[in-house]
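Student: So here's data.pdb (PDB, C-alpha atoms).
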ATOM      1  CA  MET A 107      97.191  58.175 106.778
ATOM      2  CA  GLY A 108      96.661  61.149 104.497
ATOM      3  CA  GLU A 109      97.754  61.820 100.943
ATOM      4  CA  ASN A 110     100.791  63.982 101.769
ATOM      5  CA  ARG A 111     104.032  62.646 103.204
ATOM      6  CA  ILE A 112     106.747  64.334 105.223
ATOM      7  CA  TYR A 113     110.274  62.966 105.511
ATOM      8  CA  PHE A 114     112.545  62.669 108.524
ATOM      9  CA  LEU A 115     116.281  62.475 107.871
ATOM     10  CA  PHE A 116     118.401  61.085 110.709
ATOM     11  CA  THR A 117     122.179  61.408 110.329
ATOM     12  CA  ASP A 118     125.482  60.822 112.079
ATOM     13  CA  THR A 119     128.227  63.028 110.670
ATOM     14  CA  GLY A 120     130.972  61.472 112.769
ATOM     15  CA  THR A 121     132.084  64.830 114.201
ATOM     16  CA  TYR A 122     133.374  65.170 117.782
ATOM     17  CA  LEU A 123     130.085  66.768 118.843
ATOM     18  CA  SER A 124     128.120  63.970 117.186
ATOM     19  CA  ARG A 125     130.225  61.338 118.950
ATOM     20  CA  LEU A 126     129.735  63.084 122.282
ATOM     21  CA  ILE A 127     125.955  63.176 121.812
ATOM     22  CA  ASN A 128     125.949  59.503 120.759
ATOM     23  CA  TYR A 129     127.914  58.636 123.890
ATOM     24  CA  CYS A 130     125.534  60.557 126.140
ATOM     25  CA  THR A 131     122.309  59.259 124.571
ATOM     26  CA  LYS A 132     123.517  55.704 123.842
ATOM     27  CA  GLN A 133     121.662  56.056 120.521
ATOM     28  CA  PRO A 134     122.893  56.321 116.915
ATOM     29  CA  LEU A 135     121.904  58.957 114.325
ATOM     30  CA  ASN A 136     121.513  61.869 116.724
ATOM     31  CA  HIS A 137     120.762  64.606 114.209
ATOM     32  CA  VAL A 138     117.277  64.957 112.719
ATOM     33  CA  SER A 139     116.028  67.110 109.849
ATOM     34  CA  LEU A 140     112.679  67.538 108.136
ATOM     35  CA  ALA A 141     111.724  67.593 104.430
ATOM     36  CA  PHE A 142     108.539  67.618 102.363
ATOM     37  CA  GLU A 143     109.744  65.870  99.196
ATOM     38  CA  PRO A 144     111.270  62.372  98.792
ATOM     39  CA  ASP A 145     114.313  63.746  96.921
ATOM     40  CA  LEU A 146     115.264  65.793 100.031
ATOM     41  CA  GLN A 147     116.031  68.840  97.906
ATOM     42  CA  GLU A 148     115.075  71.142 100.799
ATOM     43  CA  VAL A 149     115.925  69.833 104.264
ATOM     44  CA  TYR A 150     115.242  71.924 107.393
ATOM     45  CA  SER A 151     116.875  71.666 110.794
ATOM     46  CA  PHE A 152     118.916  73.382 113.492
ATOM     47  CA  GLY A 153     122.620  72.769 113.216
ATOM     48  CA  ARG A 154     125.963  74.281 112.338
ATOM     49  CA  LYS A 155     125.855  77.161 109.879
ATOM     50  CA  LYS A 156     129.498  76.653 108.938
ATOM     51  CA  PRO A 157     130.623  73.041 108.454
ATOM     52  CA  ARG A 158     134.026  73.661 110.042
ATOM     53  CA  ASN A 159     132.694  75.500 113.088
ATOM     54  CA  PRO A 160     130.387  73.552 115.449
ATOM     55  CA  PHE A 161     129.881  76.579 117.713
ATOM     56  CA  ILE A 162     128.045  78.761 115.192
ATOM     57  CA  GLY A 163     124.607  77.248 114.754
ATOM     58  CA  GLY A 164     120.965  78.037 114.155
ATOM     59  CA  PHE A 165     118.230  77.464 111.590
ATOM     60  CA  VAL A 166     119.673  75.815 108.475
ATOM     61  CA  LYS A 167     118.652  74.439 105.102
ATOM     62  CA  GLU A 168     120.902  71.441 104.669
ATOM     63  CA  ASP A 169     122.418  70.236 101.407
ATOM     64  CA  ILE A 170     122.573  66.423 101.426
ATOM     65  CA  ARG A 171     125.127  66.549  98.583
ATOM     66  CA  SER A 172     127.585  68.712 100.556
ATOM     67  CA  ASP A 173     130.987  67.332 101.556
ATOM     68  CA  PHE A 174     129.924  67.680 105.182
ATOM     69  CA  LEU A 175     126.835  65.452 104.869
ATOM     70  CA  LYS A 176     127.221  63.129 101.880
ATOM     71  CA  ASN A 177     129.366  60.559 103.721
ATOM     72  CA  SER A 178     127.126  60.484 106.793
ATOM     73  CA  ALA A 179     125.387  57.348 107.999
ATOM     74  CA  CYS A 180     121.674  58.026 107.725
ATOM     75  CA  ALA A 181     118.128  56.738 107.861
ATOM     76  CA  VAL A 182     115.183  58.303 106.032
ATOM     77  CA  TYR A 183     111.618  57.794 107.246
ATOM     78  CA  SER A 184     108.305  59.000 105.838
ATOM     79  CA  TYR A 185     104.998  59.725 107.527
ATOM     80  CA  GLY A 186     101.566  60.301 106.017
ATOM     81  CA  LEU A 187      99.665  63.481 106.869
ATOM     82  CA  SER A 188      96.652  65.435 105.706
ATOM     83  CA  GLU A 189      97.217  68.525 103.590
ATOM     84  CA  THR A 190      95.981  70.663 106.495
ATOM     85  CA  ASP A 191      98.573  69.257 108.908
ATOM     86  CA  THR A 192     101.315  69.508 106.295
ATOM     87  CA  ASN A 193     100.506  73.194 105.777
ATOM     88  CA  LYS A 194     100.605  73.786 109.556
ATOM     89  CA  ILE A 195     104.168  72.459 109.665
ATOM     90  CA  LYS A 196     105.230  74.503 106.643
ATOM     91  CA  GLU A 197     103.803  77.672 108.202
ATOM     92  CA  LYS A 198     105.726  77.046 111.446
ATOM     93  CA  ILE A 199     108.967  76.569 109.520
ATOM     94  CA  GLU A 200     108.314  79.720 107.482
ATOM     95  CA  GLU A 201     107.790  81.705 110.719
ATOM     96  CA  ILE A 202     111.138  80.503 112.062
ATOM     97  CA  GLU A 203     112.884  81.107 108.742
ATOM     98  CA  LEU A 204     111.629  84.700 108.606
ATOM     99  CA  ARG A 205     113.330  85.297 111.968
ATOM    100  CA  LYS A 206     116.309  82.994 111.415
ATOM    101  CA  SER A 207     118.844  85.734 112.204
ATOM    102  CA  ASN A 208     117.422  85.842 115.752
ATOM    103  CA  TYR A 209     117.735  82.107 116.355
ATOM    104  CA  LYS A 210     120.680  80.310 117.932
ATOM    105  CA  TYR A 211     121.585  76.676 118.456
ATOM    106  CA  ASN A 212     120.542  75.544 121.940
ATOM    107  CA  PHE A 213     123.770  73.990 123.284
ATOM    108  CA  LEU A 214     122.595  74.470 126.887
ATOM    109  CA  GLY A 215     119.421  72.593 125.995
ATOM    110  CA  LEU A 216     121.493  69.510 125.135
ATOM    111  CA  ILE A 217     122.921  69.567 128.654
ATOM    112  CA  GLY A 218     119.358  69.906 129.941
ATOM    113  CA  VAL A 219     118.348  66.731 128.078
ATOM    114  CA  LEU A 220     121.316  64.868 129.553
ATOM    115  CA  LEU A 221     120.555  66.029 133.118
ATOM    116  CA  GLN A 222     116.759  66.002 132.634
ATOM    117  CA  VAL A 223     116.626  69.648 133.641
ATOM    118  CA  GLU A 224     114.170  71.779 131.663
ATOM    119  CA  ILE A 225     116.085  74.578 129.937
ATOM    120  CA  ASN A 226     113.962  76.767 127.674
ATOM    121  CA  ARG A 227     115.857  79.578 126.010
ATOM    122  CA  GLU A 228     114.214  82.240 123.889
ATOM    123  CA  ASP A 229     114.943  81.822 120.173
ATOM    124  CA  ALA A 230     117.272  78.865 120.750
ATOM    125  CA  LEU A 231     116.616  75.299 119.600
ATOM    126  CA  PHE A 232     118.528  72.100 118.939
ATOM    127  CA  CYS A 233     117.589  69.808 116.027
ATOM    128  CA  SER A 234     114.992  67.518 117.628
ATOM    129  CA  GLN A 235     113.584  70.407 119.664
ATOM    130  CA  PHE A 236     113.056  72.272 116.375
ATOM    131  CA  VAL A 237     111.297  69.282 114.772
ATOM    132  CA  ALA A 238     109.110  68.703 117.840
ATOM    133  CA  THR A 239     108.251  72.428 117.911
ATOM    134  CA  VAL A 240     107.062  72.597 114.291
ATOM    135  CA  LEU A 241     105.045  69.387 114.809
ATOM    136  CA  GLN A 242     103.323  70.628 117.979
ATOM    137  CA  ASP A 243      99.954  71.293 116.332
ATOM    138  CA  VAL A 244      99.793  67.867 114.633
ATOM    139  CA  GLU A 245      97.848  65.559 116.971
ATOM    140  CA  SER A 246      99.093  62.312 115.399
ATOM    141  CA  LEU A 247     102.733  63.309 116.028
ATOM    142  CA  GLU A 248     102.667  64.026 119.755
ATOM    143  CA  PHE A 249     105.781  62.915 121.636
ATOM    144  CA  LYS A 250     104.365  62.918 125.199
ATOM    145  CA  LYS A 251     107.186  65.037 126.603
ATOM    146  CA  PRO A 252     108.191  68.711 126.411
ATOM    147  CA  THR A 253     109.927  69.774 123.208
ATOM    148  CA  CYS A 254     113.066  70.590 125.220
ATOM    149  CA  PHE A 255     113.364  66.888 126.172
ATOM    150  CA  THR A 256     112.482  65.394 122.766
ATOM    151  CA  THR A 257     115.387  63.477 121.234
ATOM    152  CA  PRO A 258     115.949  62.200 117.671
ATOM    153  CA  ALA A 259     115.343  58.677 119.036
ATOM    154  CA  ASP A 260     111.894  59.752 120.319
ATOM    155  CA  ILE A 261     110.997  60.962 116.833
ATOM    156  CA  ARG A 262     112.500  57.954 115.057
ATOM    157  CA  ASN A 263     110.606  55.501 117.292
ATOM    158  CA  HIS A 264     107.241  57.210 116.846
ATOM    159  CA  GLU A 265     104.549  54.811 115.718
ATOM    160  CA  GLY A 266     103.679  55.105 112.047
ATOM    161  CA  LEU A 267     107.039  56.227 110.651
ATOM    162  CA  GLU A 268     108.024  54.116 107.639
ATOM    163  CA  LEU A 269     111.671  53.418 106.833
ATOM    164  CA  VAL A 270     112.487  54.538 103.286
ATOM    165  CA  TYR A 271     116.269  54.170 103.239
ATOM    166  CA  GLN A 272     119.179  53.328 105.505
ATOM    167  CA  GLY A 273     122.840  53.648 104.534
ATOM    168  CA  ILE A 274     125.237  56.358 103.353
ATOM    169  CA  LEU A 275     123.469  59.631 102.601
ATOM    170  CA  GLY A 276     125.453  60.196  99.396
ATOM    171  CA  ASN A 277     123.867  57.049  97.929
ATOM    172  CA  TYR A 278     120.307  58.038  98.811
ATOM    173  CA  GLN A 279     119.327  59.758  95.569
ATOM    174  CA  GLU A 280     120.701  56.895  93.488
ATOM    175  CA  SER A 281     118.612  54.468  95.546
ATOM    176  CA  GLN A 282     115.544  56.631  94.858
ATOM    177  CA  ARG A 283     116.231  56.556  91.116
ATOM    178  CA  ASP A 284     116.549  52.759  91.259
ATOM    179  CA  LEU A 285     113.272  52.556  93.181
ATOM    180  CA  ILE A 286     111.471  54.709  90.592
ATOM    181  CA  THR A 287     112.889  52.536  87.780
ATOM    182  CA  GLN A 288     111.696  49.371  89.541
ATOM    183  CA  ARG A 289     108.227  50.829  90.007
ATOM    184  CA  ARG A 290     108.043  51.744  86.325
ATOM    185  CA  LEU A 291     109.111  48.225  85.352
ATOM    186  CA  VAL A 292     106.524  46.668  87.656
ATOM    187  CA  LYS A 293     103.868  49.043  86.312
ATOM    188  CA  GLY A 294     104.889  48.213  82.739
ATOM    189  CA  GLU A 295     104.729  44.475  83.436
ATOM    190  CA  ALA A 296     101.306  44.896  85.011
ATOM    191  CA  GLN A 297     100.040  46.831  81.973
ATOM    192  CA  LEU A 298     101.502  44.209  79.630
ATOM    193  CA  THR A 299      99.843  41.425  81.626
ATOM    194  CA  LYS A 300      96.540  43.289  81.531
ATOM    195  CA  GLN A 301      96.827  43.874  77.781
ATOM    196  CA  SER A 302      97.708  40.204  77.185
ATOM    197  CA  PHE A 303      94.714  39.120  79.260
ATOM    198  CA  ILE A 304      92.377  41.430  77.319
ATOM    199  CA  PHE A 305      93.839  40.189  74.017
ATOM    200  CA  LEU A 306      93.316  36.511  74.955
ATOM    201  CA  LEU A 307      89.813  37.253  76.221
ATOM    202  CA  SER A 308      88.984  39.054  72.967
ATOM    203  CA  LYS A 309      90.205  36.068  70.929
ATOM    204  CA  LYS A 310      88.038  33.691  72.945
ATOM    205  CA  VAL A 311      85.002  35.962  72.544
ATOM    206  CA  LYS A 312      85.600  36.138  68.763
ATOM    207  CA  ARG A 313      85.792  32.330  68.546
ATOM    208  CA  LEU A 314      82.499  31.977  70.412
ATOM    209  CA  VAL A 315      80.836  34.517  68.130
ATOM    210  CA  ILE A 316      82.120  32.749  64.998
ATOM    211  CA  LYS A 317      80.882  29.382  66.308
TER     212      LYS A 317
END
Step by step, read the file and then write its structure as C-alpha cells.
Tutor:
Amino acid sequence: MGENRIYFLFTDTGTYLSRLINYCTKQPLNHVSLAFEPDLQEVYSFGRKKPRNPFIGGFVKEDIRSDFLKNSACAVYSYGLSETDTNKIKEKIEEIELRKSNYKYNFLGLIGVLLQVEINREDALFCSQFVATVLQDVESLEFKKPTCFTTPADIRNHEGLELVYQGILGNYQESQRDLITQRRLVKGEAQLTKQSFIFLLSKKVKRLVIK
C-alpha cells in the first residue's frame, strides 16, 4: 500500500518502569516510537527526557545510538502509506513538537490502561497514546479503541505491519547496511545475467545473419 513507508520502533530498555509495564501487560517491547526513514535518524515518541530520571517525561526525539537505547531489545516494523497520509502524520507531530514544553508524560494514563478506566489528561500522553493520536486521521491504521487504551501490542499486531528487524537496537544500522549491500549484489547479479543473455542472443542472431 502506497509509495511511502513509516517505521514503528518497539523497544524494551530493561528499566524498572519497563519491567513493571511488561508485568502488567504480559507483553514484551512496551515502548513504541515512530520514524519516517529506515535509518531511524529521527525517532518520535513520548518518554523520559532525562535517561536517569523516569519521572520527567514528555515529547522526545530519541537517539537510537544513545547509551540508554543502544542495548535495548527491539523490533522494527514498516507500513506503507500514501504521501497524503504520511503528511497528515508529520503535521500532527509538528503541532505537538511546537507545543512540546506544554506536554507531560501521562503516568496516570498507564494506570487507566491497567484498570480499563478512561483517563484523558490535557497535554499528557504516553508512548502508544501519542502514536495512536498522530495516526487518528489515517483510516487504514485505526485501532478500534480509544487512544487512551491503545497499547504498543495493539499497534504491533495491526494487520499490514511488516517486520524489518528484531534484535539489539545497537546492531540495527549495521543490519541495514548489510541488507543494502545484499540488494546491490543481487541487483548486480541480475544486471550481469541480463547482459550475458543479451550477449548470447546477439551472437546467435549474428550467426543466423551470416548463414
Student: For A:Tyr122, list every protein, DNA or RNA residue within 12 Å, evaluated using all atoms listed in the file, and leave out those in the same chain fewer than 4 positions away; present the list as a count of residues only.
Tutor: 9
Student: Using only C-alpha atoms, which residue out of A:Arg205, A:Arg262, A:Lys210, A:Lys196 lies closest to A:Cys180?
Tutor: A:Arg262
Student: Write out as a list in words which residues come within 6 Å of stretch 148-156 of chain A when counting all atoms listed in the file, dropping same-chain ones fewer than 6 positions away.
Tutor: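 My reading of the contact set: Ser139, Leu140, Ala141, Ile162, Gly163, Gly164, Phe165, Val166, Lys167, Glu168, Phe232 and Cys233 of chain A.
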Student: Convert the output of the PyMOL selection byres ((chain A and resi 131) around 10) on the shown file into explicit residues, formatted as a PyMOL selection string.
Tutor: chain A and resi 125-130+132-134+136+219-220+257-259
Student: Can you tell me, as a list in words, what residues are no more than 9 Å from A:Lys176 when counting all atoms listed in the file, ignoring any on the same chain fewer than 2 positions away?
Tutor: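 With the cut-off at 9 Å, the set is Thr119, Asp169, Ile170, Arg171, Ser172, Asp173, Phe174, Ser178, Ala179, Ile274, Leu275, Gly276 and Asn277 of chain A.
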Student: Take the residues just selected and output them with C-alpha atoms as a short mmCIF file (atom, residue, chain, number, x, y, z; two decimals), in the coordinates of the input.
Tutor:
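Ended up saving to selection_38.cif:
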data_model
loop_
_atom_site.label_atom_id
_atom_site.label_comp_id
_atom_site.auth_asym_id
_atom_site.auth_seq_id
_atom_site.Cartn_x
_atom_site.Cartn_y
_atom_site.Cartn_z
CA THR A 119 128.23 63.03 110.67
CA ASP A 169 122.42 70.24 101.41
CA ILE A 170 122.57 66.42 101.43
CA ARG A 171 125.13 66.55 98.58
CA SER A 172 127.58 68.71 100.56
CA ASP A 173 130.99 67.33 101.56
CA PHE A 174 129.92 67.68 105.18
CA SER A 178 127.13 60.48 106.79
CA ALA A 179 125.39 57.35 108.00
CA ILE A 274 125.24 56.36 103.35
CA LEU A 275 123.47 59.63 102.60
CA GLY A 276 125.45 60.20 99.40
CA ASN A 277 123.87 57.05 97.93
#
Student: I'd like a table as CSV: residues in stretch 134-168 of chain A with an atom no more than 9 Å from stretch 181-192 of chain A, each row giving the shortest atom pair and its distance in Å to one decimal, all atoms listed in the file counted, sorted by chain and rising residue number.
Tutor:
residue,atom,partner,partner_atom,distance
A:Leu135,CA,A:Ala181,CA,7.8
A:Phe142,CA,A:Thr192,CA,8.4
A:Pro144,CA,A:Ser184,CA,8.4
Student: How many Å separate atom CA of A:Glu197 from atom CA of A:Glu265?
Tutor: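 Atom CA of A:Glu197 sits 24.1 Å away from atom CA of A:Glu265.
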Student: To one decimal place, how far is atom CA of A:Lys251 from atom CA of A:Glu224 in Å?
Tutor: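 Between atom CA of A:Lys251 and atom CA of A:Glu224 the gap works out to 10.9 Å.
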Student: Using atom CA of A:Ile217 and atom CA of A:Phe236 as the two end points, give the distance in Å to one decimal.
Tutor: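 Going from atom CA of A:Ile217 over to atom CA of A:Phe236 covers 16.0 Å.
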Student: Starting from the shown file, work through the PyMOL selection byres ((chain A and resi 145) around 8) and note down what comes out as a VMD selection string.
Tutor: chain A and resid 143 to 144 146 to 147 279 282
Student: From the options A:Asn263, A:Asn110, A:Thr121, A:Gln242, which residue's atoms come nearest to A:Lys198, counting only C-alpha atoms?
Tutor: A:Gln242
Student: For this file, the PyMOL selection byres ((chain A and resi 229) around 6) selects which residues, as a ChimeraX atom specification?
Tutor: /A:209,228,230
Student: Taking all atoms listed in the file into account, name the residue in A:Cys254, A:Leu175, A:Ile195, A:Val240 that is nearest to A:Ile225.
Tutor: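 For A:Ile225, the nearest of the given residues is A:Cys254.
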Student: Which one is closest to A:Gln222: A:Thr256, A:Val237, A:Phe249, A:Asn193? Count all atoms listed in the file.
Tutor: A:Thr256
